[in-house]
file start_5.txt (compact mmCIF, C-alpha atoms)
# COMPACT_ATOMS: atom_id res chain seq x y z
CA MET R 1 0.00 0.00 0.00
CA ARG R 2 2.88 2.33 0.88
CA LYS R 3 4.50 1.59 -2.49
CA ILE R 4 1.30 2.42 -4.35
CA PHE R 5 0.99 5.70 -2.43
CA LEU R 6 4.59 6.68 -3.20
CA LEU R 7 4.24 5.79 -6.87
CA THR R 8 1.04 7.82 -7.09
CA LEU R 9 2.69 10.77 -5.36
CA LEU R 10 5.67 10.55 -7.72
CA ALA R 11 3.39 10.47 -10.75
CA CYS R 12 1.53 13.55 -9.53
CA CYS R 13 4.78 15.42 -8.96
CA MET R 14 5.98 14.54 -12.45
CA LEU R 15 2.67 15.67 -13.91
CA LEU R 16 2.79 18.95 -12.02
CA GLY R 17 6.36 19.48 -13.12
CA ALA R 18 5.40 18.89 -16.73
CA VAL R 19 2.54 21.37 -16.46
CA ALA R 20 4.74 23.97 -14.79
CA GLN R 21 7.26 23.73 -17.60
CA ALA R 22 4.70 23.53 -20.39
CA ALA R 23 5.36 27.02 -21.81
CA GLN R 24 8.55 26.98 -23.86
CA ILE R 25 9.95 29.39 -26.43
CA THR R 26 10.52 27.63 -29.75
CA ASP R 27 11.70 30.54 -31.89
CA VAL R 28 12.47 34.25 -31.87
CA LYS R 29 12.03 36.10 -35.18
CA TRP R 30 12.30 39.67 -36.35
CA GLY R 31 11.22 41.80 -39.29
CA VAL R 32 11.15 45.43 -40.44
CA ASN R 33 8.26 47.02 -42.35
CA LYS R 34 8.30 49.91 -44.84
CA ALA R 35 7.90 52.43 -42.01
CA ASP R 36 11.08 50.98 -40.43
CA VAL R 37 9.15 49.58 -37.47
CA LEU R 38 11.07 46.67 -35.97
CA ARG R 39 8.87 43.71 -35.02
CA ILE R 40 10.11 40.90 -32.78
CA VAL R 41 7.98 37.76 -32.54
CA VAL R 42 8.48 35.13 -29.83
CA ASP R 43 6.85 31.75 -30.55
CA VAL R 44 5.69 29.95 -27.39
CA THR R 45 4.20 26.48 -26.96
CA ASP R 46 1.52 27.73 -24.55
CA THR R 47 0.07 30.98 -23.20
CA ALA R 48 2.60 33.06 -21.29
CA GLY R 49 2.72 36.45 -19.61
CA TYR R 50 5.23 39.07 -20.64
CA ALA R 51 6.80 42.34 -19.57
CA VAL R 52 8.54 45.18 -21.40
CA ASP R 53 11.01 47.64 -19.88
CA MET R 54 13.90 49.91 -20.78
CA GLU R 55 17.29 49.34 -19.14
CA GLY R 56 19.54 52.19 -20.25
CA ASP R 57 19.73 51.92 -24.04
CA THR R 58 18.51 48.32 -24.02
CA LEU R 59 14.87 47.35 -24.54
CA ASN R 60 13.96 44.15 -22.69
CA LEU R 61 11.07 41.82 -23.50
CA THR R 62 10.61 39.30 -20.68
CA VAL R 63 8.48 36.24 -21.42
CA ASN R 64 7.33 33.83 -18.73
CA ALA R 65 8.50 30.74 -20.60
CA ASP R 66 11.60 28.57 -20.79
CA LYS R 67 14.05 29.07 -23.64
CA GLY R 68 14.05 26.05 -25.94
CA ALA R 69 17.39 24.41 -26.62
CA GLN R 70 17.03 25.12 -30.35
CA VAL R 71 16.70 28.87 -29.81
CA PRO R 72 20.05 30.65 -30.36
CA HIS R 73 21.53 33.00 -27.77
CA SER R 74 21.67 35.89 -30.23
CA LYS R 75 20.53 36.95 -33.68
CA ALA R 76 21.77 39.58 -36.13
CA VAL R 77 19.24 42.29 -36.98
CA LYS R 78 19.19 44.68 -39.93
CA SER R 79 17.36 47.77 -38.71
CA SER R 80 17.98 51.43 -37.99
CA LEU R 81 17.06 50.60 -34.40
CA ALA R 82 19.33 47.65 -33.63
CA ASP R 83 22.04 45.42 -35.07
CA SER R 84 21.32 42.39 -32.90
CA LEU R 85 19.15 40.90 -30.22
CA LYS R 86 20.12 38.58 -27.38
CA ILE R 87 17.97 35.77 -25.98
CA VAL R 88 18.88 35.22 -22.33
CA ASP R 89 17.73 32.10 -20.46
CA LYS R 90 16.84 33.03 -16.88
CA GLY R 91 15.59 29.62 -15.84
CA SER R 92 11.85 30.06 -15.32
CA TYR R 93 11.66 32.94 -17.79
CA THR R 94 13.48 34.32 -20.82
CA VAL R 95 14.60 37.86 -21.66
CA VAL R 96 14.96 39.10 -25.23
CA ARG R 97 17.37 42.04 -25.06
CA VAL R 98 17.49 44.61 -27.86
CA PRO R 99 20.49 47.00 -27.66
CA LEU R 100 19.23 50.16 -29.36
CA LYS R 101 21.25 52.37 -31.71
CA GLN R 102 19.03 55.41 -31.20
CA ARG R 103 17.15 56.97 -28.34
CA LEU R 104 13.42 56.27 -28.59
CA LEU R 105 10.60 58.66 -28.03
CA GLU R 106 8.88 58.08 -24.71
CA LYS R 107 7.45 54.58 -24.73
CA SER R 108 7.60 54.16 -28.50
CA TYR R 109 7.28 50.40 -28.19
CA LYS R 110 4.18 48.26 -28.11
CA ALA R 111 3.77 44.65 -27.04
CA PHE R 112 0.83 42.29 -27.43
CA VAL R 113 0.00 38.61 -27.76
CA LEU R 114 -1.54 36.52 -30.52
CA LYS R 115 -3.42 33.38 -29.60
CA LYS R 116 -2.65 29.96 -30.97
CA ASP R 117 -4.40 29.40 -34.31
CA PRO R 118 -4.94 25.66 -34.96
CA ALA R 119 -6.30 26.34 -38.44
CA THR R 120 -3.01 27.83 -39.63
CA GLY R 121 -0.71 25.99 -37.23
CA ARG R 122 0.50 29.24 -35.71
CA PRO R 123 1.60 28.99 -32.06
CA PHE R 124 0.92 31.40 -29.22
CA ARG R 125 3.07 34.48 -29.90
CA VAL R 126 4.35 37.45 -27.95
CA VAL R 127 4.98 40.39 -30.28
CA LEU R 128 7.00 43.56 -29.70
CA ASP R 129 6.84 46.50 -32.13
CA VAL R 130 9.51 49.21 -31.83
CA THR R 131 9.01 52.47 -33.72
CA PRO R 132 11.99 54.69 -34.62
CA ARG R 133 11.72 58.43 -34.10
CA GLN R 134 11.22 59.30 -37.76
CA ALA R 135 8.40 56.73 -38.13
CA SER R 136 6.41 57.83 -35.10
CA TYR R 137 2.90 59.05 -35.73
CA SER R 138 2.71 62.84 -35.81
CA GLY R 139 -1.05 63.42 -35.64
CA SER R 140 -2.84 65.81 -33.34
CA GLY R 141 -3.84 65.09 -29.79
CA ALA R 142 -2.07 63.05 -27.14
CA ALA R 143 0.35 61.03 -29.15
CA THR R 144 1.79 58.80 -26.48
CA THR R 145 2.38 55.27 -27.64
CA VAL R 146 1.96 52.41 -25.25
CA VAL R 147 3.12 49.09 -23.92
CA SER R 148 0.14 47.02 -24.79
CA ASN R 149 -1.40 43.63 -25.24
CA ARG R 150 -3.28 45.14 -28.11
CA PRO R 151 -1.57 45.56 -31.43
CA VAL R 152 -0.60 48.16 -33.87
CA VAL R 153 -2.19 47.63 -37.28
CA SER R 154 -0.38 50.46 -39.04
CA ASN R 155 1.42 53.69 -38.28
CA ARG R 156 -0.79 55.76 -40.57
CA PRO R 157 -4.34 56.92 -39.86
CA THR R 158 -7.12 55.61 -42.03
CA LYS R 159 -10.22 57.45 -43.16
CA ASN R 160 -13.54 55.83 -43.97
CA ASN R 161 -12.00 52.34 -43.86
CA SER R 162 -9.72 53.14 -46.79
CA SER R 163 -7.24 50.60 -45.50
CA ILE R 164 -9.69 47.80 -46.20
CA LYS R 165 -11.21 49.09 -49.41
CA LYS R 166 -10.26 45.93 -51.29
CA ASN R 167 -12.46 43.83 -49.03
CA THR R 168 -15.92 42.73 -50.02
CA VAL R 169 -18.20 45.57 -48.96
CA ILE R 170 -21.77 45.07 -47.89
CA LYS R 171 -23.64 48.37 -48.02
CA THR R 172 -26.44 48.71 -45.53
CA SER R 173 -29.23 51.20 -45.09
CA THR R 174 -30.86 52.15 -41.84
CA ALA R 175 -34.03 50.25 -42.70
CA ALA R 176 -32.24 47.09 -43.74
CA ASP R 177 -30.05 47.21 -40.68
CA LYS R 178 -32.91 46.48 -38.34
CA LYS R 179 -33.71 43.19 -40.05
CA ALA R 180 -30.55 41.31 -40.88
CA ASP R 181 -29.22 40.49 -37.46
CA LYS R 182 -29.28 36.71 -37.50
CA LYS R 183 -26.78 36.21 -40.25
CA LYS R 184 -23.35 37.79 -39.95
CA SER R 185 -21.52 37.35 -43.22
CA SER R 186 -18.18 37.98 -41.62
CA ASN R 187 -17.47 38.73 -38.06
CA LYS R 188 -14.83 37.62 -34.90
CA ASN R 189 -12.20 41.53 -30.74
CA LYS R 190 -6.09 44.43 -25.42
CA ASN R 191 -3.32 46.87 -23.87
CA ASP R 192 -2.17 47.37 -21.43
CA ASN R 193 -0.59 50.52 -20.66
CA LYS R 194 1.01 52.03 -17.84
CA LYS R 195 3.83 54.29 -16.94
CA ASN R 196 7.02 52.24 -17.45
CA THR R 197 5.09 49.12 -16.50
CA ALA R 198 5.16 45.89 -18.34
CA VAL R 199 2.00 44.17 -19.32
CA ALA R 200 1.27 40.51 -18.88
CA LYS R 201 -1.96 39.62 -20.55
CA THR R 202 -2.19 35.94 -21.31
CA GLU R 203 -5.35 36.26 -23.31
CA THR R 204 -5.47 37.09 -26.92
CA THR R 205 -8.39 37.92 -29.09
CA VAL R 206 -8.95 41.53 -28.78
CA ASN R 207 -7.23 43.75 -31.23
CA LYS R 208 -4.74 41.74 -33.09
CA PRO R 209 -2.90 42.81 -36.17
CA VAL R 210 -4.01 40.92 -39.23
CA ASN R 211 -2.31 40.03 -42.47
CA LYS R 212 -3.37 41.96 -45.57
CA SER R 213 -4.17 38.65 -47.28
CA ASP R 214 -6.62 37.90 -44.47
CA THR R 215 -8.40 41.25 -44.65
CA ASP R 216 -8.71 40.99 -48.43
CA LYS R 217 -10.95 37.96 -47.92
CA LEU R 218 -13.22 39.53 -45.32
CA ALA R 219 -16.78 40.60 -45.93
CA VAL R 220 -16.90 44.08 -44.43
CA ILE R 221 -20.09 45.88 -43.53
CA LYS R 222 -19.80 49.57 -44.32
CA GLY R 223 -22.29 51.99 -42.82
CA ASN R 224 -23.41 55.32 -44.21
CA GLY R 225 -20.41 57.13 -42.73
CA ARG R 226 -22.57 59.64 -40.87
CA PHE R 227 -22.57 60.04 -37.10
CA ARG R 228 -23.96 62.57 -34.63
CA THR R 229 -21.79 64.19 -31.96
CA SER R 230 -24.13 66.53 -30.09
CA GLY R 231 -27.76 67.14 -29.18
CA GLY R 232 -28.03 64.86 -26.15
CA LEU R 233 -28.35 61.09 -25.76
CA ASP R 234 -31.95 60.75 -26.82
CA GLY R 235 -32.16 58.85 -30.10
CA LYS R 236 -28.42 58.33 -30.46
CA ILE R 237 -27.20 54.93 -31.73
CA ILE R 238 -24.39 53.42 -29.67
CA THR R 239 -22.59 50.10 -30.11
CA LEU R 240 -21.01 48.57 -27.01
CA ASP R 241 -18.33 45.89 -27.30
CA ALA R 242 -17.79 43.57 -24.32
CA GLY R 243 -14.16 42.50 -24.70
CA HIS R 244 -13.31 38.84 -25.36
CA GLY R 245 -15.88 36.07 -24.95
CA GLY R 246 -16.48 32.46 -25.92
CA SER R 247 -13.20 30.66 -26.60
CA ASP R 248 -11.22 33.75 -25.55
CA PRO R 249 -11.39 34.35 -21.77
CA GLY R 250 -9.22 37.45 -21.83
CA ALA R 251 -6.95 38.08 -18.86
CA ILE R 252 -7.44 35.80 -15.85
CA GLY R 253 -7.17 36.80 -12.19
CA SER R 254 -5.36 34.86 -9.47
CA ASP R 255 -8.66 33.31 -8.36
CA GLY R 256 -9.72 32.30 -11.87
CA THR R 257 -11.90 35.34 -12.56
CA LYS R 258 -12.06 35.90 -16.33
CA GLU R 259 -11.94 39.25 -18.07
CA LYS R 260 -14.72 38.24 -20.45
CA THR R 261 -17.13 37.78 -17.53
CA ILE R 262 -16.48 41.20 -16.00
CA THR R 263 -16.61 43.05 -19.32
CA LEU R 264 -19.96 41.52 -20.26
CA SER R 265 -21.48 42.34 -16.88
CA ILE R 266 -20.41 46.00 -16.97
CA THR R 267 -21.33 46.38 -20.64
CA ASN R 268 -24.86 45.17 -19.92
CA MET R 269 -25.14 47.76 -17.14
CA VAL R 270 -23.93 50.57 -19.43
CA LYS R 271 -26.51 49.49 -22.00
CA GLU R 272 -29.33 49.65 -19.46
CA ILE R 273 -28.34 53.14 -18.28
CA LEU R 274 -28.01 54.54 -21.80
CA GLU R 275 -31.34 53.07 -22.87
CA GLN R 276 -33.03 54.67 -19.87
CA LYS R 277 -31.75 58.00 -21.20
CA GLY R 278 -33.22 57.40 -24.63
CA ALA R 279 -30.28 55.97 -26.57
CA LYS R 280 -30.59 53.00 -28.94
CA VAL R 281 -27.90 50.53 -27.89
CA TYR R 282 -26.52 47.50 -29.74
CA MET R 283 -23.97 45.04 -28.35
CA THR R 284 -21.36 42.98 -30.20
CA ARG R 285 -22.21 40.10 -27.86
CA THR R 286 -24.86 39.63 -25.19
CA THR R 287 -23.70 36.22 -23.94
CA ASP R 288 -20.44 34.31 -23.53
CA VAL R 289 -19.72 33.71 -27.22
CA ASP R 290 -17.17 34.48 -29.92
CA VAL R 291 -18.67 37.28 -32.02
CA PHE R 292 -17.86 35.72 -35.39
CA GLY R 293 -18.13 32.16 -34.17
CA PRO R 294 -15.84 29.29 -33.14
CA ASN R 295 -12.54 28.75 -34.96
CA ALA R 296 -12.56 32.16 -36.62
CA SER R 297 -9.34 33.81 -37.71
CA ASP R 298 -8.07 36.88 -35.88
CA ALA R 299 -9.24 39.09 -38.73
CA GLU R 300 -12.74 37.59 -38.73
CA GLU R 301 -13.21 38.05 -34.99
CA LEU R 302 -11.99 41.64 -35.03
CA GLN R 303 -13.96 42.65 -38.09
CA ALA R 304 -17.09 41.04 -36.66
CA ARG R 305 -17.09 43.56 -33.83
CA VAL R 306 -16.49 46.46 -36.20
CA ASN R 307 -19.30 45.18 -38.43
CA VAL R 308 -21.87 45.52 -35.65
CA GLY R 309 -21.15 49.22 -35.26
CA GLU R 310 -21.21 49.79 -39.01
CA LYS R 311 -24.35 47.74 -39.56
CA TYR R 312 -26.43 49.96 -37.34
CA ASN R 313 -24.82 53.23 -38.52
CA SER R 314 -23.79 53.92 -34.94
CA ASP R 315 -22.92 57.35 -33.63
CA MET R 316 -20.16 55.86 -31.47
CA PHE R 317 -18.44 52.56 -30.62
CA VAL R 318 -17.18 51.79 -27.10
CA SER R 319 -15.12 48.66 -26.33
CA LEU R 320 -14.71 47.64 -22.67
CA HIS R 321 -11.78 45.63 -21.31
CA ILE R 322 -9.88 44.78 -18.15
CA ASN R 323 -6.12 45.32 -17.97
CA SER R 324 -3.40 43.02 -16.64
CA SER R 325 0.30 43.31 -15.79
CA VAL R 326 3.15 41.18 -14.47
CA ASN R 327 3.65 43.97 -11.95
CA LYS R 328 0.93 43.20 -9.41
CA ASN R 329 1.07 46.72 -8.00
CA VAL R 330 0.03 48.42 -11.23
CA GLY R 331 -3.56 49.59 -11.35
CA GLY R 332 -5.92 52.21 -12.66
CA PHE R 333 -8.12 53.25 -15.56
CA SER R 334 -7.02 54.17 -19.08
CA THR R 335 -8.90 55.00 -22.26
CA TYR R 336 -7.57 54.55 -25.80
CA TYR R 337 -8.52 56.28 -29.04
CA TYR R 338 -7.33 56.48 -32.64
CA PRO R 339 -7.48 59.95 -34.28
CA LYS R 340 -9.41 59.05 -37.42
CA THR R 341 -12.07 61.72 -36.78
CA ASP R 342 -12.13 65.02 -34.91
CA ASN R 343 -14.15 63.42 -32.11
CA ASP R 344 -12.30 60.26 -31.03
CA LEU R 345 -10.01 62.09 -28.60
CA ARG R 346 -12.90 64.12 -27.16
CA LEU R 347 -14.91 60.95 -26.52
CA ALA R 348 -11.93 59.32 -24.78
CA GLN R 349 -11.36 62.39 -22.61
CA ASN R 350 -14.99 62.58 -21.51
CA ILE R 351 -15.06 58.96 -20.39
CA GLN R 352 -11.59 58.95 -18.80
CA ASN R 353 -12.25 62.17 -16.90
CA LYS R 354 -15.37 60.69 -15.32
CA LEU R 355 -13.57 57.49 -14.28
CA ALA R 356 -10.43 59.22 -13.01
CA ALA R 357 -12.29 61.75 -10.87
CA ASN R 358 -14.49 59.27 -9.03
CA PHE R 359 -12.33 56.30 -8.05
CA GLY R 360 -9.42 56.03 -5.63
CA VAL R 361 -7.21 54.31 -8.19
CA ASP R 362 -4.53 55.57 -10.57
CA ASP R 363 -5.44 57.69 -13.57
CA LEU R 364 -3.38 56.23 -16.42
CA GLY R 365 -4.82 58.79 -18.76
CA VAL R 366 -5.99 58.97 -22.34
CA ARG R 367 -3.72 57.13 -24.77
CA GLN R 368 -3.48 56.95 -28.53
CA ALA R 369 -3.24 53.44 -29.99
CA ASN R 370 -3.77 51.70 -33.32
CA PHE R 371 -6.17 49.04 -32.07
CA TYR R 372 -8.12 47.31 -34.80
CA VAL R 373 -11.64 47.88 -33.51
CA ILE R 374 -11.20 51.60 -32.86
CA LYS R 375 -9.14 52.25 -35.99
CA ARG R 376 -11.06 50.28 -38.62
CA ILE R 377 -14.48 51.60 -37.66
CA SER R 378 -15.78 54.81 -39.26
CA MET R 379 -17.45 56.47 -36.26
CA PRO R 380 -15.75 57.87 -33.11
CA ALA R 381 -14.58 54.96 -30.96
CA VAL R 382 -12.68 54.24 -27.76
CA LEU R 383 -11.35 51.23 -25.86
CA VAL R 384 -11.60 51.50 -22.07
CA GLU R 385 -9.37 49.51 -19.70
CA MET R 386 -11.29 49.23 -16.43
CA CYS R 387 -8.52 48.60 -13.87
CA PHE R 388 -6.19 45.59 -13.56
CA ILE R 389 -7.26 42.03 -12.93
CA SER R 390 -3.64 41.30 -11.91
CA ASN R 391 -3.88 43.77 -9.02
CA GLU R 392 -5.41 41.92 -6.04
CA LYS R 393 -7.12 45.02 -4.67
CA GLU R 394 -8.67 45.90 -8.01
CA LEU R 395 -9.57 42.26 -8.67
CA THR R 396 -11.59 42.25 -5.46
CA LEU R 397 -13.22 45.54 -6.45
CA MET R 398 -14.18 44.54 -9.98
CA LYS R 399 -15.93 41.37 -8.82
CA GLY R 400 -18.29 43.44 -6.67
CA GLN R 401 -21.58 44.93 -7.81
CA TRP R 402 -20.64 48.32 -6.35
CA PHE R 403 -17.60 48.66 -8.62
CA GLN R 404 -19.37 47.33 -11.68
CA LYS R 405 -22.39 49.58 -11.26
CA LYS R 406 -20.30 52.66 -10.52
CA THR R 407 -17.98 52.02 -13.47
CA ALA R 408 -20.95 51.53 -15.78
CA ARG R 409 -22.60 54.71 -14.50
CA LEU R 410 -19.47 56.81 -14.98
CA ILE R 411 -18.87 55.48 -18.51
CA ALA R 412 -22.48 56.30 -19.35
CA GLU R 413 -22.05 59.79 -17.87
CA GLY R 414 -18.93 60.32 -19.96
CA ILE R 415 -20.86 59.31 -23.08
CA GLU R 416 -23.73 61.60 -22.13
CA LYS R 417 -21.36 64.53 -21.63
CA TYR R 418 -19.82 63.88 -25.06
CA PHE R 419 -23.24 64.33 -26.68
CA ALA R 420 -24.17 67.35 -24.53
call {"tool": "encode", "arguments": {"input": "start_5.txt", "output": "structure tokens"}}
result
Amino acid sequence: MRKIFLLTLLACCMLLGAVAQAAQITDVKWGVNKADVLRIVVDVTDTAGYAVDMEGDTLNLTVNADKGAQVPHSKAVKSSLADSLKIVDKGSYTVVRVPLKQRLLEKSYKAFVLKKDPATGRPFRVVLDVTPRQASYSGSGAATTVVSNRPVVSNRPTKNNSSIKKNTVIKTSTAADKKADKKKSSNKNKNDNKKNTAVAKTETTVNKPVNKSDTDKLAVIKGNGRFRTSGGLDGKIITLDAGHGGSDPGAIGSDGTKEKTITLSITNMVKEILEQKGAKVYMTRTTDVDVFGPNASDAEELQARVNVGEKYNSDMFVSLHINSSVNKNVGGFSTYYYPKTDNDLRLAQNIQNKLAANFGVDDLGVRQANFYVIKRISMPAVLVEMCFISNEKELTLMKGQWFQKKTARLIAEGIEKYFA
């Protein structure tokens, strides 16, 4: 009996050890686009958190995964930013070091994750984009770039979905919009930002970059391109996007709380408040589902969320998310926009100001970012990060009805002020 117990215990220990070491880096690649943005891609066998920080003139990407034996210790790089990168095995984690040849603008690097895609055989990936000074976006408004789990699609602004003009376009009218809701011809949705803080989201569906070949195949719903920005809430059309859902849980708290659950709960509350004030509200999802459907590509899932806003000729699009970081002390609210219209920044400011002034947590501010769902949609749009699920204090808060109701109320008040 003692032998059986010991053998069982040994088997359990071996199993736990195998699970603990499941995430392993299998490759580290790099590339440079026409805008001279350096992209570093780390292939991982399983989901893994990450962190980004500057150490002097060296940019460090830390991934919570073992370095595979086949991964070299260094690689040559041909870029205006760096000549090489080093892959350093730290035992339980790995650091990709990028010695920089030029001083970057403040936080001109962005990190995000891409989920495993069984259809294409692509593994889980941690991606780091580094933008040189001359390639940085020079538009109006707060132009701070961010460390983020949500990706950069391009460094140039788009107008009226010009960047996807080669896609199949489905024109809709206001009358037709109200009928065709059951069939979505093509549909499937973070960022984490903080001051010098590295982000560790282990989820992945929200705002991923997509290949041009993928977007060329998408069926894209294009609205009438008109939106209202004043005159009060009554009669306004608003699309709310509850981040993640279905096969994509989003970030996960220490107790197993899933981002997708919190975002849906708060989004439903925002909807109820706005409707009480006379707005017409649509949601990209009302239950725990993928918006496009199971096994969709990144492009399909992202475009599906955009399509909802376009289908109903919305006056605004608001995407709600929860942040996460490897630094458990990081917390606070942040709101992201992309300056494709004259109203995106104003919408972000109205919502962020309400949140920042009424909670005893950090104000991480309004940030500019090239997230797919706020960039590819024609009307003013924002993505709100409602505190950090990795922060134990904020995790406890966000699970409570008080926090959820107050957050929903303040977001609704920010939207109402925008239309005032």
call {"tool": "residues_near_point", "arguments": {"input": "start_5.txt", "point": "(5.1, 39.0, -18.9)", "cutoff": "6 Å", "atoms": "all atoms listed in the file", "output": "JSON, numbers by chain"}}
result
{"R": [49, 50, 51, 62, 63, 64, 200, 326]}
call {"tool": "atom_distance", "arguments": {"input": "start_5.txt", "atom1": "atom CA of Leu355 of chain R", "atom2": "atom CA of Arg367 of chain R"}}
result
14.4 Å
call {"tool": "atom_distance", "arguments": {"input": "start_5.txt", "atom1": "atom CA of Lys280 of chain R", "atom2": "atom CA of Pro294 of chain R"}}
result
28.2 Å
call {"tool": "closest_residue", "arguments": {"input": "start_5.txt", "among": "R:Asp83, R:Glu259, R:Asp241, R:Asp89", "to": "Ser319 of chain R", "atoms": "all atoms listed in the file"}}
result
R:Asp241
call {"tool": "atom_distance", "arguments": {"input": "start_5.txt", "atom1": "atom CA of Phe333 of chain R", "atom2": "atom CA of Ala356 of chain R"}}
result
6.9 Å
call {"tool": "closest_residue", "arguments": {"input": "start_5.txt", "among": "R:Thr335, R:Gln70, R:Ser79, R:Gln401", "to": "Ala35 of chain R", "atoms": "only C-alpha atoms"}}
result
R:Ser79
call {"tool": "closest_residue", "arguments": {"input": "start_5.txt", "among": "R:Ser254, R:Ser84, R:Gln276, R:Ser247", "to": "Leu233 of chain R", "atoms": "all atoms listed in the file"}}
result
R:Gln276
call {"tool": "residues_around", "arguments": {"input": "start_5.txt", "residues": "Asp290 of chain R", "least_positions_apart": "3", "cutoff": "8 Å", "atoms": "only C-alpha atoms", "output": "ChimeraX atom specification"}}
result
/R:188,244-248,285,293-294,301
call {"tool": "closest_atom_pairs", "arguments": {"input": "start_5.txt", "of": "segment 319-388 of chain R", "to": "segment 107-119 of chain R", "cutoff": "12 Å", "atoms": "only C-alpha atoms", "output": "CSV"}}
result
residue,atom,partner,partner_atom,distance
R:Ser324,CA,R:Phe112,CA,11.6
R:Ser325,CA,R:Phe112,CA,11.7
R:Arg367,CA,R:Lys107,CA,11.5
R:Gln368,CA,R:Ser108,CA,11.4
R:Ala369,CA,R:Lys110,CA,9.2
R:Asn370,CA,R:Lys110,CA,10.1
R:Phe371,CA,R:Phe112,CA,10.8
call {"tool": "residues_around", "arguments": {"input": "start_5.txt", "residues": "segment 412-418 of chain R", "least_positions_apart": "4", "cutoff": "12 Å", "atoms": "all atoms listed in the file", "output": "VMD selection string"}}
result
chain R and resid 228 to 240 266 to 279 281 315 to 318 335 343 to 358 380 to 382 384 405 to 408
call {"tool": "closest_residue", "arguments": {"input": "start_5.txt", "among": "R:Asn224, R:Ser314, R:Thr263, R:Ser92", "to": "Gln24 of chain R", "atoms": "all atoms listed in the file"}}
result
R:Ser92
call {"tool": "closest_residue", "arguments": {"input": "start_5.txt", "among": "R:Leu85, R:Thr261, R:Val373, R:Gly250", "to": "Met398 of chain R", "atoms": "only C-alpha atoms"}}
result
R:Thr261
call {"tool": "closest_residue", "arguments": {"input": "start_5.txt", "among": "R:Asp255, R:Val126, R:Tyr338, R:Val95", "to": "Asp53 of chain R", "atoms": "only C-alpha atoms"}}
result
R:Val95
call {"tool": "decode", "arguments": {"input": "start_5.txt", "residues": "segment 383-394 of chain R", "atoms": "N, CA and C atoms", "output": "PDB file, in the first residue's frame"}}
result
ATOM      1  N   LEU R 383     -11.507  52.500 -26.583  1.00  0.00           N
ATOM      2  CA  LEU R 383     -11.355  51.232 -25.863  1.00  0.00           C
ATOM      3  C   LEU R 383     -10.979  51.589 -24.436  1.00  0.00           C
ATOM      4  N   VAL R 384     -11.790  51.158 -23.483  1.00  0.00           N
ATOM      5  CA  VAL R 384     -11.601  51.501 -22.072  1.00  0.00           C
ATOM      6  C   VAL R 384     -11.044  50.304 -21.309  1.00  0.00           C
ATOM      7  N   GLU R 385      -9.946  50.537 -20.584  1.00  0.00           N
ATOM      8  CA  GLU R 385      -9.374  49.507 -19.703  1.00  0.00           C
ATOM      9  C   GLU R 385      -9.812  49.825 -18.279  1.00  0.00           C
ATOM     10  N   MET R 386     -10.653  48.958 -17.713  1.00  0.00           N
ATOM     11  CA  MET R 386     -11.294  49.233 -16.430  1.00  0.00           C
ATOM     12  C   MET R 386     -10.541  48.555 -15.287  1.00  0.00           C
ATOM     13  N   CYS R 387      -9.381  49.118 -14.944  1.00  0.00           N
ATOM     14  CA  CYS R 387      -8.521  48.603 -13.868  1.00  0.00           C
ATOM     15  C   CYS R 387      -7.815  47.301 -14.255  1.00  0.00           C
ATOM     16  N   PHE R 388      -7.073  46.730 -13.300  1.00  0.00           N
ATOM     17  CA  PHE R 388      -6.190  45.592 -13.558  1.00  0.00           C
ATOM     18  C   PHE R 388      -6.624  44.344 -12.794  1.00  0.00           C
ATOM     19  N   ILE R 389      -6.858  43.291 -13.545  1.00  0.00           N
ATOM     20  CA  ILE R 389      -7.263  42.026 -12.926  1.00  0.00           C
ATOM     21  C   ILE R 389      -6.070  41.378 -12.216  1.00  0.00           C
ATOM     22  N   SER R 390      -4.855  41.820 -12.532  1.00  0.00           N
ATOM     23  CA  SER R 390      -3.638  41.299 -11.909  1.00  0.00           C
ATOM     24  C   SER R 390      -3.349  41.966 -10.571  1.00  0.00           C
ATOM     25  N   ASN R 391      -4.025  43.066 -10.285  1.00  0.00           N
ATOM     26  CA  ASN R 391      -3.884  43.772  -9.016  1.00  0.00           C
ATOM     27  C   ASN R 391      -4.929  43.219  -8.049  1.00  0.00           C
ATOM     28  N   GLU R 392      -4.484  42.626  -6.952  1.00  0.00           N
ATOM     29  CA  GLU R 392      -5.407  41.923  -6.044  1.00  0.00           C
ATOM     30  C   GLU R 392      -6.495  42.849  -5.497  1.00  0.00           C
ATOM     31  N   LYS R 393      -6.128  44.080  -5.196  1.00  0.00           N
ATOM     32  CA  LYS R 393      -7.115  45.024  -4.673  1.00  0.00           C
ATOM     33  C   LYS R 393      -8.177  45.322  -5.728  1.00  0.00           C
ATOM     34  N   GLU R 394      -7.723  45.572  -6.949  1.00  0.00           N
ATOM     35  CA  GLU R 394      -8.670  45.904  -8.009  1.00  0.00           C
ATOM     36  C   GLU R 394      -9.455  44.680  -8.462  1.00  0.00           C
TER      37      GLU R 394
END
